[in-house]
>>> print(open('structure-v3.txt').read())   # compact mmCIF, C-alpha atoms
# COMPACT_ATOMS: atom_id res chain seq x y z
CA MET A 1 50.28 -20.25 -247.71
CA THR A 2 51.48 -22.48 -250.54
CA ALA A 3 54.34 -21.11 -252.64
CA SER A 4 54.40 -21.53 -256.40
CA THR A 5 56.61 -24.23 -257.84
CA GLY A 6 57.77 -21.86 -260.55
CA GLU A 7 55.80 -23.72 -263.19
CA GLY A 8 55.67 -22.04 -266.56
CA HIS A 9 58.82 -19.90 -266.60
CA HIS A 10 59.16 -20.54 -270.34
CA ARG A 11 55.57 -19.91 -271.35
CA PRO A 12 54.74 -17.03 -273.72
CA PRO A 13 54.64 -13.58 -272.07
CA ARG A 14 51.56 -12.95 -269.95
CA GLN A 15 48.92 -10.77 -271.58
CA ALA A 16 46.99 -8.39 -269.33
CA GLN A 17 43.24 -8.91 -269.29
CA VAL A 18 42.66 -5.14 -269.32
CA ASP A 19 44.31 -2.44 -271.40
CA PRO A 20 43.71 0.72 -269.35
CA LEU A 21 44.85 2.90 -272.26
CA ALA A 22 42.78 1.19 -274.98
CA ALA A 23 40.57 4.23 -275.53
CA ARG A 24 43.59 6.50 -275.91
CA ARG A 25 45.81 4.49 -278.21
CA ALA A 26 46.54 5.80 -281.71
CA PRO A 27 48.83 4.69 -284.57
CA THR A 28 51.21 7.58 -283.86
CA ASP A 29 51.74 6.63 -280.20
CA PRO A 30 55.23 5.83 -278.86
CA PRO A 31 56.01 2.10 -278.87
CA TRP A 32 56.16 1.97 -275.06
CA ASP A 33 53.83 3.21 -272.36
CA VAL A 34 56.54 3.36 -269.69
CA TYR A 35 60.34 3.30 -269.70
CA LEU A 36 62.55 2.82 -266.65
CA THR A 37 66.13 1.98 -265.80
CA GLY A 38 67.97 0.87 -262.69
CA THR A 39 69.49 -2.09 -260.89
CA VAL A 40 67.87 -5.53 -260.81
CA PHE A 41 68.51 -7.52 -257.64
CA LEU A 42 67.73 -11.11 -256.81
CA ASP A 43 65.50 -10.85 -253.76
CA ILE A 44 65.39 -13.66 -251.21
CA ILE A 45 62.53 -13.05 -248.77
CA PHE A 46 61.95 -14.70 -245.41
CA THR A 47 58.48 -14.37 -243.91
CA GLY A 48 56.72 -15.78 -240.88
CA LEU A 49 59.32 -14.52 -238.42
CA ASP A 50 57.87 -13.80 -234.99
CA SER A 51 60.38 -11.04 -234.29
CA ALA A 52 63.64 -9.55 -235.48
CA PRO A 53 66.61 -11.95 -235.45
CA VAL A 54 68.46 -11.88 -232.14
CA ARG A 55 72.24 -11.59 -232.09
CA GLY A 56 73.96 -14.91 -231.45
CA THR A 57 70.87 -17.01 -232.14
CA GLU A 58 69.38 -18.83 -235.12
CA SER A 59 65.91 -17.90 -236.34
CA TRP A 60 63.70 -20.09 -238.53
CA ALA A 61 61.26 -18.51 -240.98
CA ARG A 62 57.97 -20.23 -241.80
CA GLY A 63 58.02 -18.94 -245.39
CA MET A 64 60.54 -18.10 -248.09
CA GLY A 65 60.42 -16.77 -251.62
CA SER A 66 62.86 -15.67 -254.33
CA SER A 67 62.09 -13.18 -257.10
CA PRO A 68 63.61 -10.37 -259.17
CA GLY A 69 63.88 -7.18 -257.11
CA GLY A 70 65.15 -3.63 -257.28
CA VAL A 71 63.86 -1.85 -260.38
CA ALA A 72 62.15 -5.13 -261.36
CA ASN A 73 59.52 -4.43 -258.69
CA MET A 74 58.32 -1.36 -260.57
CA ALA A 75 58.66 -2.91 -264.02
CA ALA A 76 56.57 -5.96 -263.15
CA ALA A 77 53.91 -3.87 -261.41
CA LEU A 78 53.51 -1.68 -264.50
CA ALA A 79 53.39 -4.64 -266.89
CA ARG A 80 50.81 -6.50 -264.82
CA LEU A 81 48.51 -3.48 -265.02
CA GLY A 82 48.61 -3.66 -268.81
CA LEU A 83 51.22 -1.01 -269.60
CA ARG A 84 53.75 -1.74 -272.34
CA THR A 85 56.95 -1.56 -270.33
CA SER A 86 60.58 -1.18 -271.44
CA LEU A 87 63.42 -1.73 -268.96
CA ALA A 88 67.12 -0.92 -269.31
CA ALA A 89 69.23 -2.75 -266.74
CA ALA A 90 72.47 -4.70 -266.34
CA PHE A 91 72.12 -8.43 -265.60
CA GLY A 92 74.82 -10.73 -264.29
CA ASP A 93 75.76 -13.76 -266.39
CA ASP A 94 75.23 -16.09 -263.42
CA HIS A 95 72.16 -18.25 -262.75
CA TYR A 96 70.60 -15.45 -260.72
CA GLY A 97 70.84 -13.05 -263.65
CA GLU A 98 69.48 -15.66 -266.07
CA TYR A 99 66.54 -16.33 -263.76
CA CYS A 100 65.73 -12.61 -263.38
CA TRP A 101 65.98 -11.96 -267.14
CA ASP A 102 63.81 -14.96 -267.99
CA THR A 103 61.21 -14.10 -265.36
CA LEU A 104 60.87 -10.49 -266.52
CA GLU A 105 60.99 -11.07 -270.27
CA GLN A 106 59.20 -14.40 -270.65
CA GLY A 107 57.02 -14.34 -267.56
CA GLU A 108 56.01 -10.67 -267.47
CA GLY A 109 56.32 -9.59 -271.10
CA ILE A 110 58.71 -6.73 -270.28
CA ASP A 111 60.85 -5.47 -273.16
CA LEU A 112 64.56 -5.88 -272.36
CA THR A 113 65.96 -4.69 -275.69
CA ALA A 114 67.75 -1.84 -273.89
CA SER A 115 69.18 -4.19 -271.22
CA ARG A 116 72.42 -6.15 -271.35
CA THR A 117 74.15 -9.13 -269.76
CA VAL A 118 77.53 -8.30 -268.20
CA PRO A 119 80.10 -11.15 -268.47
CA GLY A 120 81.80 -12.02 -265.20
CA TRP A 121 79.56 -9.79 -263.06
CA HIS A 122 77.49 -11.48 -260.40
CA SER A 123 73.97 -10.34 -259.74
CA PRO A 124 73.30 -8.10 -256.73
CA VAL A 125 71.38 -9.92 -253.98
CA THR A 126 69.08 -8.68 -251.23
CA VAL A 127 67.89 -10.79 -248.31
CA SER A 128 64.70 -9.38 -246.82
CA MET A 129 63.21 -10.46 -243.50
CA ALA A 130 59.56 -9.57 -242.96
CA TYR A 131 58.12 -9.41 -239.45
CA GLU A 132 55.62 -7.27 -237.50
CA GLY A 133 54.49 -5.58 -240.72
CA GLU A 134 57.99 -4.25 -241.45
CA ARG A 135 61.11 -5.58 -243.12
CA THR A 136 64.85 -5.62 -242.58
CA MET A 137 67.13 -6.00 -245.58
CA VAL A 138 70.75 -6.97 -246.18
CA SER A 139 72.18 -6.46 -249.67
CA HIS A 140 75.40 -7.38 -251.45
CA GLY A 141 76.65 -6.45 -254.89
CA HIS A 142 79.45 -4.91 -256.94
CA GLU A 143 79.34 -1.94 -259.26
CA PRO A 144 78.77 -3.02 -262.88
CA PRO A 145 81.21 -1.86 -265.56
CA PRO A 146 81.19 1.92 -266.06
CA GLU A 147 78.91 1.84 -269.10
CA GLU A 148 75.45 3.06 -268.16
CA PRO A 149 72.74 0.40 -268.47
CA ALA A 150 70.53 3.09 -269.98
CA PRO A 151 71.01 3.62 -273.72
CA ALA A 152 72.48 6.89 -274.93
CA SER A 153 68.99 7.95 -275.97
CA PRO A 154 66.12 6.36 -274.03
CA PRO A 155 63.38 4.75 -276.14
CA HIS A 156 60.36 6.91 -276.83
CA ALA A 157 57.62 6.29 -274.27
CA ARG A 158 54.49 7.97 -272.97
CA ALA A 159 55.95 8.02 -269.47
CA ALA A 160 59.06 7.17 -267.51
CA VAL A 161 59.60 6.35 -263.85
CA ALA A 162 62.80 7.68 -262.27
CA SER A 163 64.33 7.23 -258.84
CA LEU A 164 66.09 10.49 -258.05
CA VAL A 165 69.44 10.35 -256.25
CA PRO A 166 70.41 13.38 -254.12
CA GLY A 167 73.33 15.25 -255.62
CA LYS A 168 73.29 13.37 -258.91
CA ARG A 169 71.83 14.15 -262.32
CA ALA A 170 70.71 11.38 -264.70
CA PRO A 171 71.02 12.77 -268.25
CA TRP A 172 68.40 10.37 -269.64
CA ILE A 173 65.65 12.09 -267.63
CA ALA A 174 66.11 15.43 -269.40
CA GLN A 175 66.39 13.63 -272.75
CA ALA A 176 63.16 11.76 -272.18
CA ALA A 177 61.30 14.86 -271.01
CA SER A 178 62.48 16.82 -274.07
CA ARG A 179 60.73 14.23 -276.27
CA GLY A 180 57.44 14.66 -274.47
CA THR A 181 57.79 11.73 -272.05
CA ARG A 182 55.94 12.36 -268.78
CA VAL A 183 58.37 11.67 -265.95
CA PHE A 184 57.18 10.35 -262.56
CA ALA A 185 59.81 10.40 -259.81
CA ASP A 186 60.32 8.96 -256.37
CA VAL A 187 63.33 9.34 -254.11
CA GLY A 188 65.18 7.35 -251.49
CA TRP A 189 66.41 8.38 -248.07
CA ASP A 190 69.01 11.17 -248.21
CA ASP A 191 72.02 9.63 -246.51
CA THR A 192 73.88 12.95 -246.77
CA GLY A 193 71.39 14.54 -244.39
CA ALA A 194 71.15 17.66 -246.57
CA TRP A 195 67.49 17.23 -247.59
CA ASP A 196 67.88 20.02 -250.12
CA LEU A 197 65.52 20.10 -253.11
CA ALA A 198 68.26 21.89 -255.06
CA GLY A 199 70.15 18.60 -254.75
CA LEU A 200 67.47 16.94 -256.93
CA PRO A 201 68.26 18.77 -260.19
CA ASP A 202 66.20 16.40 -262.34
CA LEU A 203 63.03 17.32 -260.47
CA GLU A 204 62.59 20.22 -262.91
CA HIS A 205 61.97 17.69 -265.70
CA CYS A 206 59.34 15.73 -263.77
CA GLU A 207 55.56 15.95 -263.96
CA ALA A 208 54.97 14.20 -260.65
CA PHE A 209 56.95 13.58 -257.47
CA LEU A 210 55.89 10.79 -255.07
CA PRO A 211 57.85 10.83 -251.78
CA ASN A 212 56.65 9.39 -248.49
CA ALA A 213 55.58 11.65 -245.63
CA GLN A 214 58.96 11.78 -243.87
CA GLU A 215 60.83 12.52 -247.09
CA ALA A 216 58.36 15.23 -248.09
CA MET A 217 58.53 16.98 -244.72
CA ARG A 218 62.32 16.84 -244.55
CA TYR A 219 62.72 18.24 -248.06
CA THR A 220 60.29 21.11 -247.48
CA GLY A 221 60.66 21.75 -243.76
CA ALA A 222 56.87 21.58 -243.44
CA GLY A 223 55.31 20.49 -240.17
CA CYS A 224 52.83 18.03 -241.71
CA PRO A 225 52.77 15.92 -244.89
CA ARG A 226 49.83 17.78 -246.42
CA ALA A 227 51.60 21.12 -246.10
CA ALA A 228 54.71 19.46 -247.53
CA ALA A 229 52.76 18.30 -250.58
CA ARG A 230 51.51 21.84 -251.18
CA ALA A 231 55.04 23.19 -250.84
CA LEU A 232 56.40 20.68 -253.33
CA THR A 233 54.12 22.02 -256.08
CA GLU A 234 56.45 25.01 -256.26
CA TYR A 235 59.00 22.59 -257.74
CA VAL A 236 56.93 20.02 -259.60
CA PRO A 237 53.40 20.20 -261.10
CA LEU A 238 51.96 17.25 -259.18
CA ALA A 239 52.94 16.17 -255.66
CA VAL A 240 51.77 12.88 -254.15
CA VAL A 241 52.70 12.09 -250.55
CA THR A 242 52.11 8.62 -249.14
CA LEU A 243 50.93 8.65 -245.52
CA GLY A 244 51.46 5.03 -244.51
CA ALA A 245 48.44 3.66 -242.68
CA GLU A 246 46.57 6.93 -243.35
CA GLY A 247 46.63 6.54 -247.13
CA ALA A 248 47.87 9.22 -249.51
CA TYR A 249 47.41 12.92 -250.26
CA ALA A 250 47.98 14.69 -253.59
CA VAL A 251 48.04 18.26 -254.86
CA ASP A 252 47.96 19.31 -258.52
CA GLY A 253 49.66 22.68 -258.61
CA ARG A 254 48.40 23.38 -262.13
CA THR A 255 44.73 23.28 -261.16
CA GLY A 256 44.78 23.59 -257.38
CA GLU A 257 42.96 20.26 -257.08
CA THR A 258 43.65 18.17 -253.98
CA ALA A 259 42.67 14.62 -253.09
CA GLU A 260 43.08 12.35 -250.09
CA VAL A 261 42.20 8.66 -249.92
CA PRO A 262 42.52 6.46 -246.81
CA ALA A 263 44.55 3.26 -246.85
CA ILE A 264 42.94 -0.17 -247.13
CA ALA A 265 43.58 -2.20 -243.99
CA VAL A 266 45.12 -5.60 -244.77
CA GLU A 267 47.25 -8.16 -242.98
CA ALA A 268 50.69 -7.77 -244.54
CA LEU A 269 52.73 -10.88 -245.32
CA ASP A 270 55.60 -9.02 -247.00
CA PRO A 271 55.72 -5.23 -247.63
CA THR A 272 58.63 -5.49 -250.08
CA GLY A 273 57.92 -3.43 -253.20
CA ALA A 274 54.62 -1.94 -251.99
CA GLY A 275 55.84 1.60 -252.69
CA ASP A 276 56.75 0.63 -256.26
CA VAL A 277 53.31 -0.91 -256.79
CA PHE A 278 51.70 2.30 -255.50
CA VAL A 279 53.65 4.36 -258.06
CA ALA A 280 52.73 1.92 -260.84
CA GLY A 281 49.05 2.20 -259.98
CA PHE A 282 49.23 5.99 -259.94
CA VAL A 283 51.07 6.11 -263.28
CA THR A 284 48.44 3.83 -264.81
CA GLY A 285 45.57 6.04 -263.68
CA THR A 286 47.34 9.20 -264.78
CA LEU A 287 48.04 7.92 -268.29
CA ALA A 288 44.39 6.84 -268.49
CA ASP A 289 43.28 10.38 -267.46
CA TRP A 290 41.36 9.28 -264.38
CA PRO A 291 40.35 11.86 -261.75
CA LEU A 292 43.02 12.50 -259.12
CA ALA A 293 41.11 10.79 -256.29
CA ASP A 294 40.55 7.67 -258.44
CA ARG A 295 44.27 7.49 -259.17
CA LEU A 296 45.11 7.64 -255.47
CA ALA A 297 42.48 5.03 -254.61
CA PHE A 298 43.71 2.64 -257.30
CA ALA A 299 47.36 3.10 -256.32
CA GLY A 300 46.54 2.39 -252.68
CA LEU A 301 44.48 -0.66 -253.59
CA THR A 302 47.18 -2.24 -255.73
CA ALA A 303 49.78 -1.63 -253.00
CA ALA A 304 47.48 -3.21 -250.40
CA LEU A 305 46.96 -6.29 -252.56
CA SER A 306 50.70 -6.66 -253.13
CA VAL A 307 51.68 -6.96 -249.46
CA GLN A 308 49.57 -10.09 -249.09
CA GLU A 309 51.97 -12.10 -251.28
CA PHE A 310 55.65 -13.07 -251.14
CA GLY A 311 58.24 -10.96 -252.89
CA GLY A 312 58.42 -7.54 -254.53
CA SER A 313 58.05 -7.92 -258.29
CA LEU A 314 56.03 -11.14 -258.26
CA SER A 315 53.60 -9.95 -255.58
CA ALA A 316 52.26 -7.16 -257.82
CA PRO A 317 48.56 -7.64 -258.60
CA GLY A 318 47.03 -7.87 -262.05
CA TRP A 319 43.50 -7.02 -263.08
CA SER A 320 42.14 -10.42 -262.09
CA GLU A 321 43.22 -9.81 -258.48
CA VAL A 322 41.71 -6.33 -258.52
CA ALA A 323 38.46 -7.80 -259.88
CA ALA A 324 38.41 -10.54 -257.25
CA TRP A 325 38.88 -7.97 -254.48
CA TRP A 326 36.11 -5.71 -255.80
CA ARG A 327 33.60 -8.54 -256.04
CA ARG A 328 34.57 -9.88 -252.63
CA VAL A 329 34.18 -6.57 -250.75
CA GLN A 330 30.79 -5.95 -252.36
CA SER A 331 29.55 -9.29 -251.04
CA VAL A 332 30.53 -8.59 -247.42
CA GLU A 333 27.63 -7.44 -245.29
CA GLY A 334 27.90 -4.17 -243.41
CA GLN A 335 30.30 -2.44 -245.80
CA ASN A 336 30.31 1.35 -245.63
CA PRO A 337 28.39 2.49 -248.75
CA GLU A 338 30.55 5.60 -249.03
CA ALA A 339 33.72 3.51 -248.98
CA LEU A 340 32.31 1.26 -251.72
CA ARG A 341 31.45 4.26 -253.87
CA ARG A 342 35.09 5.34 -253.65
CA TYR A 343 35.97 2.30 -255.81
CA ALA A 344 32.89 2.20 -258.03
CA PHE A 345 34.98 3.50 -260.94
CA LEU A 346 36.49 -0.01 -261.17
CA GLU A 347 33.23 -1.53 -262.38
CA ASP A 348 33.64 -0.42 -266.00
CA LEU A 349 37.32 -1.41 -266.12
CA LEU A 350 37.39 -4.94 -264.81
CA PRO A 351 37.35 -8.15 -266.87
CA ALA A 352 34.12 -10.08 -267.18
CA ARG A 353 33.23 -12.29 -264.22
CA GLU A 354 33.69 -15.41 -266.31
CA ALA A 355 37.12 -14.37 -267.58
CA THR A 356 39.83 -16.92 -266.84
CA ALA A 357 42.68 -15.55 -264.74
CA TRP A 358 46.16 -15.96 -266.19
CA PRO A 359 48.25 -18.35 -264.04
CA ARG A 360 50.11 -15.84 -261.91
CA LEU A 361 53.87 -16.13 -261.48
CA ARG A 362 54.75 -15.90 -257.77
CA ALA A 363 57.97 -15.93 -255.80
CA VAL A 364 59.48 -19.42 -255.63
CA PRO A 365 61.38 -20.89 -252.66
CA THR A 366 64.20 -22.30 -254.76
CA ILE A 367 65.41 -20.99 -258.11
CA GLY A 368 65.27 -23.62 -260.81
CA PHE A 369 62.00 -25.38 -259.95
CA GLY A 370 59.96 -26.17 -263.02
CA ARG A 371 62.67 -25.32 -265.56
CA SER A 372 62.80 -27.38 -268.73
CA ALA A 373 65.97 -29.26 -269.50
>>> encode(input="structure-v3.txt", output="structure tokens")
Amino acid sequence: MTASTGEGHHRPPRQAQVDPLAARRAPTDPPWDVYLTGTVFLDIIFTGLDSAPVRGTESWARGMGSSPGGVANMAAALARLGLRTSLAAAFGDDHYGEYCWDTLEQGEGIDLTASRTVPGWHSPVTVSMAYEGERTMVSHGHEPPPEEPAPASPPHARAAVASLVPGKRAPWIAQAASRGTRVFADVGWDDTGAWDLAGLPDLEHCEAFLPNAQEAMRYTGAGCPRAAARALTEYVPLAVVTLGAEGAYAVDGRTGETAEVPAIAVEALDPTGAGDVFVAGFVTGTLADWPLADRLAFAGLTAALSVQEFGGSLSAPGWSEVAAWWRRVQSVEGQNPEALRRYAFLEDLLPAREATAWPRLRAVPTIGFGRSA
């Protein structure tokens, strides 16, 4: 696989070929479709490893990429699907921070008005090693100054994506929800071992909760992920549980509707950020008022496409990649007609066959390639 040379970092922001919310936009809409806040990392990804590194030995990777990571994974995935995205984050004033800011603002068209550069603070870094369909990560960073990267009052948006932290409340989530923003939440592994839903106080402000199967079962005590999803609707209106290779399952507690969609089998180059891409796809479908099963199918598809590229944020697919996949699978003989019908809703959304794909920014091996003087 040939890595990008980083050409075009200073071009005008990319414009999505499809606006999934075009039919629902009105002059009184909020300025942003999605708001999010968090930590931006510089990700350095090694791929093509035959196995995990062995203690006391040197391993050589056949591929390498660098790209913005952390909350940037979600922000880029949302923007590439045509959602007007606003990000509040702290950036270091080193070359890493400059590269991440430039890539997100100029390359992806993400609004960084609510973000800031912190003098003297170096950017957090994660090294990710991908092998056997999994990844191992090592991170380094320092706490930024005590000021929150999120503004005192988050910008008005249709939706927000929040990563809940056990035992901690983020005041901006309640503020956003009080203004009518629809909050979608995921959660990380509970290092405390408590797995207590009462320790996620901001869940009460969320419309949807999207944990993986292990997280859902540990939080609810349920014996299977589907039962866990049903149990979660006692705490949040919409529960979506990702099932790994089995796909995803969702329950809407307001209507009783359930949906389950199998995963798309692909050969994964780098799974970094796939969960963030899944959430972005689901948020897109929800804001566009698609049926629940269509939202799950689209989220799973975008995640599957993302793992076939280097990096987290810059592996996220846009509509041209979705269109290319849809046309390719229809041309393959012997496809299951029922499986094809599952994605037939894409036909009316995708750009015309003759549309020219925007040159896609991808993870670069070395930061600085292609920069103007």
>>> closest_atom_pairs(input="structure-v3.txt", of="range 177-296 of chain A", to="range 301-322 of chain A", cutoff="12 Å", atoms="only C-alpha atoms", output="tab-separated table")
residue	atom	partner	partner_atom	distance
A:Thr242	CA	A:Ala303	CA	11.2
A:Gly244	CA	A:Ala304	CA	10.9
A:Ala245	CA	A:Ala304	CA	10.4
A:Gly247	CA	A:Leu301	CA	9.9
A:Ala248	CA	A:Leu301	CA	11.2
A:Val261	CA	A:Leu301	CA	10.3
A:Pro262	CA	A:Leu301	CA	10.0
A:Ala263	CA	A:Leu301	CA	7.8
A:Ile264	CA	A:Ala304	CA	6.4
A:Ala265	CA	A:Ala304	CA	7.6
A:Val266	CA	A:Ala304	CA	6.6
A:Glu267	CA	A:Gln308	CA	6.8
A:Ala268	CA	A:Val307	CA	5.1
A:Leu269	CA	A:Gln308	CA	5.0
A:Asp270	CA	A:Val307	CA	5.1
A:Pro271	CA	A:Val307	CA	4.8
A:Thr272	CA	A:Gly312	CA	4.9
A:Gly273	CA	A:Gly312	CA	4.3
A:Ala274	CA	A:Ala303	CA	5.0
A:Gly275	CA	A:Ala303	CA	6.9
A:Asp276	CA	A:Ala303	CA	8.0
A:Val277	CA	A:Ala303	CA	5.2
A:Phe278	CA	A:Ala303	CA	5.0
A:Val279	CA	A:Ala303	CA	8.7
A:Ala280	CA	A:Thr302	CA	8.6
A:Gly281	CA	A:Thr302	CA	6.4
A:Phe282	CA	A:Thr302	CA	9.5
A:Val283	CA	A:Thr302	CA	11.9
A:Thr284	CA	A:Thr302	CA	11.0
A:Gly285	CA	A:Thr302	CA	11.6
A:Asp294	CA	A:Leu301	CA	10.4
A:Arg295	CA	A:Leu301	CA	9.9
A:Leu296	CA	A:Leu301	CA	8.5
>>> residues_around(input="structure-v3.txt", residues="Ala160 in chain A", least_positions_apart="3", cutoff="8 Å", atoms="only C-alpha atoms", output="number ranges by chain")
A: 34-36, 157, 176, 181-184
>>> atom_distance(input="structure-v3.txt", atom1="CA of Thr136 in chain A", atom2="CA of Asp50 in chain A")
13.2 Å
>>> atom_distance(input="structure-v3.txt", atom1="CA of Asp102 in chain A", atom2="CA of Leu42 in chain A")
12.5 Å
>>> residues_around(input="structure-v3.txt", residues="Thr220 in chain A", least_positions_apart="3", cutoff="9 Å", atoms="only C-alpha atoms", output="NGL selection string")
:A and (195-197 or 215-217 or 223 or 227-229 or 231-232)
>>> residues_around(input="structure-v3.txt", residues="Ala72 in chain A", least_positions_apart="6", cutoff="9 Å", atoms="only C-alpha atoms", output="list in words")
Gly38, Thr39, Val40, Phe41, Leu87, Cys100, Leu104, Gly312 and Ser313 of chain A
>>> write_last_selection(input="structure-v3.txt", atoms="C-alpha atoms", output="PDB file, in the coordinates of the input")
ATOM      1  CA  GLY A  38      67.970   0.870-262.690  1.00  0.00           C
ATOM      2  CA  THR A  39      69.490  -2.090-260.890  1.00  0.00           C
ATOM      3  CA  VAL A  40      67.870  -5.530-260.810  1.00  0.00           C
ATOM      4  CA  PHE A  41      68.510  -7.520-257.640  1.00  0.00           C
ATOM      5  CA  LEU A  87      63.420  -1.730-268.960  1.00  0.00           C
ATOM      6  CA  CYS A 100      65.730 -12.610-263.380  1.00  0.00           C
ATOM      7  CA  LEU A 104      60.870 -10.490-266.520  1.00  0.00           C
ATOM      8  CA  GLY A 312      58.420  -7.540-254.530  1.00  0.00           C
ATOM      9  CA  SER A 313      58.050  -7.920-258.290  1.00  0.00           C
TER      10      SER A 313
END
>>> closest_residue(input="structure-v3.txt", among="A:Gly56, A:Trp101, A:Ile44, A:Pro154", to="Ser86 in chain A", atoms="only C-alpha atoms")
A:Pro154
>>> atom_distance(input="structure-v3.txt", atom1="CA of Ala23 in chain A", atom2="CA of Pro291 in chain A")
15.8 Å
>>> closest_residue(input="structure-v3.txt", among="A:Ala26, A:Gln214, A:Ser128, A:Leu78", to="Ala61 in chain A", atoms="only C-alpha atoms")
A:Ser128
>>> residues_near_point(input="structure-v3.txt", point="(46.4, 3.6, -274.2)", cutoff="10 Å", atoms="only C-alpha atoms", output="PyMOL selection string")
chain A and resi 19-26+29+32-33+82-84+158+284+287-288
>>> residues_around(input="structure-v3.txt", residues="Glu347 in chain A", least_positions_apart="3", cutoff="10 Å", atoms="only C-alpha atoms", output="compact mmCIF listing (two decimals) with C-alpha atoms, in the coordinates of the input")
# COMPACT_ATOMS: atom_id res chain seq x y z
CA ALA A 323 38.46 -7.80 -259.88
CA TRP A 326 36.11 -5.71 -255.80
CA ARG A 327 33.60 -8.54 -256.04
CA TYR A 343 35.97 2.30 -255.81
CA ALA A 344 32.89 2.20 -258.03
CA LEU A 350 37.39 -4.94 -264.81
CA PRO A 351 37.35 -8.15 -266.87
CA ALA A 352 34.12 -10.08 -267.18
>>> residues_around(input="structure-v3.txt", residues="Ala208 in chain A", least_positions_apart="5", cutoff="7 Å", atoms="only C-alpha atoms", output="list of chain:residue names")
A:Val183, A:Phe184, A:Ala185, A:Val236, A:Pro237, A:Leu238, A:Ala239
>>> closest_residue(input="structure-v3.txt", among="A:Ala162, A:Val118, A:Leu210, A:Val241", to="Glu98 in chain A", atoms="only C-alpha atoms")
A:Val118
